[in-house]
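Student: Here it is, the structure, as structure tokens.
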Amino acid sequence: MTVLKGYGAEDVRAVKENLKNSGVQTEYRESTSSGDLRELGGIDLRGTLDPGTAHLYGPVWYNAGDEINISISWIPATSTFRIGLTSRDTGIFSGCEVRGGTGSCKLRVTTAGYYYPTVWNVGPDRAAYSGFVSW
């Protein structure tokens, strides 16, 4: 997985971490979109996360070379979020760490497979978010 660009109201940095070994709590979420996720071309993202918790949507099959865009906003803006993709097979999260209440991350898939679009609240506060992932 290659992080191509990240945007945010404040600092943005690329992150690669094994979600299975990070101690973060994960919750698998169903998309509010109906139909074959691959064919839809995007998923709405919405929820409330405690610090140290991540929502994983899907999984969605992505081909090598696919470009994925994830954008979210959240309140309160005091929390830091990580947005990106988590491999279903390895548990490796690749994405961007964003601050300031809004952020986006553009990634290119290097290995075809199933991935979970992931929204992760690093903390320090409980936060409500909404956004979209498209491909």
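Chain labels A, B, ... are given in the sequence in which chains occur in the structure tokens; within each chain residues are numbered consecutively from 1, and ligands are likewise numbered from 1 in the order shown.
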Excluding stretch 67-74 of chain A and its own-chain neighbours fewer than 6 positions away, which residues fall within 7 Å of it when counting only C-alpha atoms? Please give them as a VMD selection string.

Tutor: chain A and resid 83 to 84 101 to 109 127 to 135

Student: Suppose we keep N, CA and C atoms; can you now write the selection as an mmCIF file, in the first residue's frame?

Tutor:
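File written: again37.cif
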data_model
loop_
_atom_site.group_PDB
_atom_site.id
_atom_site.type_symbol
_atom_site.label_atom_id
_atom_site.label_comp_id
_atom_site.auth_asym_id
_atom_site.auth_seq_id
_atom_site.Cartn_x
_atom_site.Cartn_y
_atom_site.Cartn_z
ATOM 1 N N ILE A 83 -6.906 7.479 9.186
ATOM 2 C CA ILE A 83 -7.824 7.006 8.155
ATOM 3 C C ILE A 83 -7.006 6.300 7.077
ATOM 4 N N GLY A 84 -7.519 5.161 6.622
ATOM 5 C CA GLY A 84 -6.786 4.413 5.609
ATOM 6 C C GLY A 84 -7.424 3.065 5.370
ATOM 7 N N GLY A 101 -9.856 18.284 13.030
ATOM 8 C CA GLY A 101 -11.281 18.206 12.732
ATOM 9 C C GLY A 101 -11.652 17.849 11.315
ATOM 10 N N THR A 102 -10.670 17.794 10.415
ATOM 11 C CA THR A 102 -10.945 17.381 9.041
ATOM 12 C C THR A 102 -9.673 16.830 8.420
ATOM 13 N N GLY A 103 -9.842 15.835 7.545
ATOM 14 C CA GLY A 103 -8.674 15.266 6.891
ATOM 15 C C GLY A 103 -9.052 14.319 5.779
ATOM 16 N N SER A 104 -8.089 14.081 4.901
ATOM 17 C CA SER A 104 -8.293 13.126 3.821
ATOM 18 C C SER A 104 -6.985 12.413 3.528
ATOM 19 N N CYS A 105 -7.113 11.255 2.890
ATOM 20 C CA CYS A 105 -5.954 10.433 2.582
ATOM 21 C C CYS A 105 -6.194 9.750 1.244
ATOM 22 N N LYS A 106 -5.197 9.797 0.378
ATOM 23 C CA LYS A 106 -5.266 9.128 -0.920
ATOM 24 C C LYS A 106 -4.208 8.033 -0.939
ATOM 25 N N LEU A 107 -4.648 6.798 -1.253
ATOM 26 C CA LEU A 107 -3.756 5.642 -1.244
ATOM 27 C C LEU A 107 -3.809 4.922 -2.587
ATOM 28 N N ARG A 108 -2.717 4.213 -2.928
ATOM 29 C CA ARG A 108 -2.696 3.335 -4.093
ATOM 30 C C ARG A 108 -2.438 1.914 -3.599
ATOM 31 N N VAL A 109 -3.300 0.994 -4.014
ATOM 32 C CA VAL A 109 -3.172 -0.411 -3.637
ATOM 33 C C VAL A 109 -2.032 -1.035 -4.450
ATOM 34 N N ALA A 127 -15.175 11.069 19.885
ATOM 35 C CA ALA A 127 -15.496 11.969 18.770
ATOM 36 C C ALA A 127 -16.485 11.323 17.804
ATOM 37 N N ALA A 128 -17.342 12.161 17.237
ATOM 38 C CA ALA A 128 -18.292 11.746 16.199
ATOM 39 C C ALA A 128 -17.707 12.155 14.852
ATOM 40 N N TYR A 129 -17.779 11.254 13.867
ATOM 41 C CA TYR A 129 -17.203 11.538 12.551
ATOM 42 C C TYR A 129 -18.208 11.215 11.445
ATOM 43 N N SER A 130 -17.980 11.805 10.299
ATOM 44 C CA SER A 130 -18.705 11.443 9.093
ATOM 45 C C SER A 130 -17.784 11.687 7.909
ATOM 46 N N GLY A 131 -18.026 10.913 6.854
ATOM 47 C CA GLY A 131 -17.172 11.071 5.689
ATOM 48 C C GLY A 131 -17.527 10.081 4.598
ATOM 49 N N PHE A 132 -16.546 9.830 3.743
ATOM 50 C CA PHE A 132 -16.780 9.006 2.560
ATOM 51 C C PHE A 132 -15.459 8.396 2.108
ATOM 52 N N VAL A 133 -15.540 7.169 1.591
ATOM 53 C CA VAL A 133 -14.403 6.545 0.915
ATOM 54 C C VAL A 133 -14.848 6.267 -0.513
ATOM 55 N N SER A 134 -13.992 6.586 -1.475
ATOM 56 C CA SER A 134 -14.331 6.368 -2.882
ATOM 57 C C SER A 134 -13.142 5.735 -3.602
ATOM 58 N N TRP A 135 -13.468 5.056 -4.705
ATOM 59 C CA TRP A 135 -12.423 4.430 -5.533
ATOM 60 C C TRP A 135 -12.855 4.422 -6.972
#

Student: Once DSSP has gone over the backbone, tell me which residues of stretch 38-100 of chain A are in strand (DSSP E or B), as an NGL selection string.

Tutor: :A and (42-49 or 53-57 or 60-62 or 67-75 or 80-87 or 92-98)

Student: Hey, what's within 7 Å of stretch 111-118 of chain A if we count only C-alpha atoms and toss same-chain stuff fewer than 3 positions away? As an MDAnalysis selection string, please?

Tutor: chainID A and resid 54:64 83:88

Student: Would you output that residue set with N, CA and C atoms, as an mmCIF file, in the first residue's frame?

Tutor:
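Here's the written file again_14.cif:
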data_model
loop_
_atom_site.group_PDB
_atom_site.id
_atom_site.type_symbol
_atom_site.label_atom_id
_atom_site.label_comp_id
_atom_site.auth_asym_id
_atom_site.auth_seq_id
_atom_site.Cartn_x
_atom_site.Cartn_y
_atom_site.Cartn_z
ATOM 1 N N ALA A 54 -11.265 1.706 16.558
ATOM 2 C CA ALA A 54 -11.329 1.877 15.109
ATOM 3 C C ALA A 54 -12.564 1.198 14.553
ATOM 4 N N HIS A 55 -13.170 1.815 13.556
ATOM 5 C CA HIS A 55 -14.248 1.202 12.786
ATOM 6 C C HIS A 55 -13.664 0.709 11.471
ATOM 7 N N LEU A 56 -13.954 -0.557 11.132
ATOM 8 C CA LEU A 56 -13.518 -1.160 9.884
ATOM 9 C C LEU A 56 -14.753 -1.479 9.054
ATOM 10 N N TYR A 57 -14.806 -0.954 7.826
ATOM 11 C CA TYR A 57 -15.949 -1.136 6.927
ATOM 12 C C TYR A 57 -15.586 -2.163 5.855
ATOM 13 N N GLY A 58 -16.576 -2.964 5.450
ATOM 14 C CA GLY A 58 -16.319 -3.904 4.363
ATOM 15 C C GLY A 58 -16.231 -5.334 4.836
ATOM 16 N N PRO A 59 -15.340 -6.134 4.243
ATOM 17 C CA PRO A 59 -14.205 -5.757 3.401
ATOM 18 C C PRO A 59 -14.608 -5.507 1.945
ATOM 19 N N VAL A 60 -13.712 -4.816 1.244
ATOM 20 C CA VAL A 60 -13.889 -4.496 -0.169
ATOM 21 C C VAL A 60 -12.689 -5.050 -0.930
ATOM 22 N N TRP A 61 -12.940 -5.676 -2.085
ATOM 23 C CA TRP A 61 -11.851 -6.156 -2.937
ATOM 24 C C TRP A 61 -11.306 -4.983 -3.737
ATOM 25 N N TYR A 62 -9.991 -4.773 -3.653
ATOM 26 C CA TYR A 62 -9.326 -3.759 -4.468
ATOM 27 C C TYR A 62 -8.259 -4.432 -5.313
ATOM 28 N N ASN A 63 -8.123 -3.967 -6.551
ATOM 29 C CA ASN A 63 -7.096 -4.471 -7.456
ATOM 30 C C ASN A 63 -5.820 -3.662 -7.298
ATOM 31 N N ALA A 64 -4.686 -4.254 -7.634
ATOM 32 C CA ALA A 64 -3.426 -3.521 -7.630
ATOM 33 C C ALA A 64 -3.565 -2.324 -8.572
ATOM 34 N N ILE A 83 -6.906 7.479 9.186
ATOM 35 C CA ILE A 83 -7.824 7.006 8.155
ATOM 36 C C ILE A 83 -7.006 6.300 7.077
ATOM 37 N N GLY A 84 -7.519 5.161 6.622
ATOM 38 C CA GLY A 84 -6.786 4.413 5.609
ATOM 39 C C GLY A 84 -7.424 3.065 5.370
ATOM 40 N N LEU A 85 -6.596 2.087 4.986
ATOM 41 C CA LEU A 85 -7.056 0.737 4.691
ATOM 42 C C LEU A 85 -6.318 -0.266 5.567
ATOM 43 N N THR A 86 -7.053 -1.302 6.013
ATOM 44 C CA THR A 86 -6.472 -2.406 6.772
ATOM 45 C C THR A 86 -6.629 -3.683 5.958
ATOM 46 N N SER A 87 -5.540 -4.399 5.745
ATOM 47 C CA SER A 87 -5.574 -5.658 5.012
ATOM 48 C C SER A 87 -6.319 -6.715 5.810
ATOM 49 N N ARG A 88 -7.273 -7.386 5.163
ATOM 50 C CA ARG A 88 -7.986 -8.465 5.841
ATOM 51 C C ARG A 88 -7.032 -9.618 6.166
#

Student: If you count only C-alpha atoms, which residues fall within 9 Å of A:Pro51, apart from same-chain ones fewer than 4 positions away, as an mmCIF file with C-alpha atoms, in the first residue's frame?

Tutor:
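Contents of around.cif, as written:
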data_model
loop_
_atom_site.group_PDB
_atom_site.id
_atom_site.type_symbol
_atom_site.label_atom_id
_atom_site.label_comp_id
_atom_site.auth_asym_id
_atom_site.auth_seq_id
_atom_site.Cartn_x
_atom_site.Cartn_y
_atom_site.Cartn_z
ATOM 1 C CA VAL A 24 -6.620 -0.779 19.525
ATOM 2 C CA SER A 79 -8.903 14.297 18.716
ATOM 3 C CA TRP A 120 -9.404 5.128 13.935
ATOM 4 C CA ASN A 121 -9.699 7.599 16.819
ATOM 5 C CA VAL A 122 -6.267 7.908 18.421
ATOM 6 C CA GLY A 123 -7.642 10.295 21.064
ATOM 7 C CA PRO A 124 -7.668 12.005 23.444
ATOM 8 C CA ASP A 125 -11.448 12.551 23.229
ATOM 9 C CA ARG A 126 -14.539 10.593 22.199
ATOM 10 C CA ALA A 127 -15.496 11.969 18.770
#
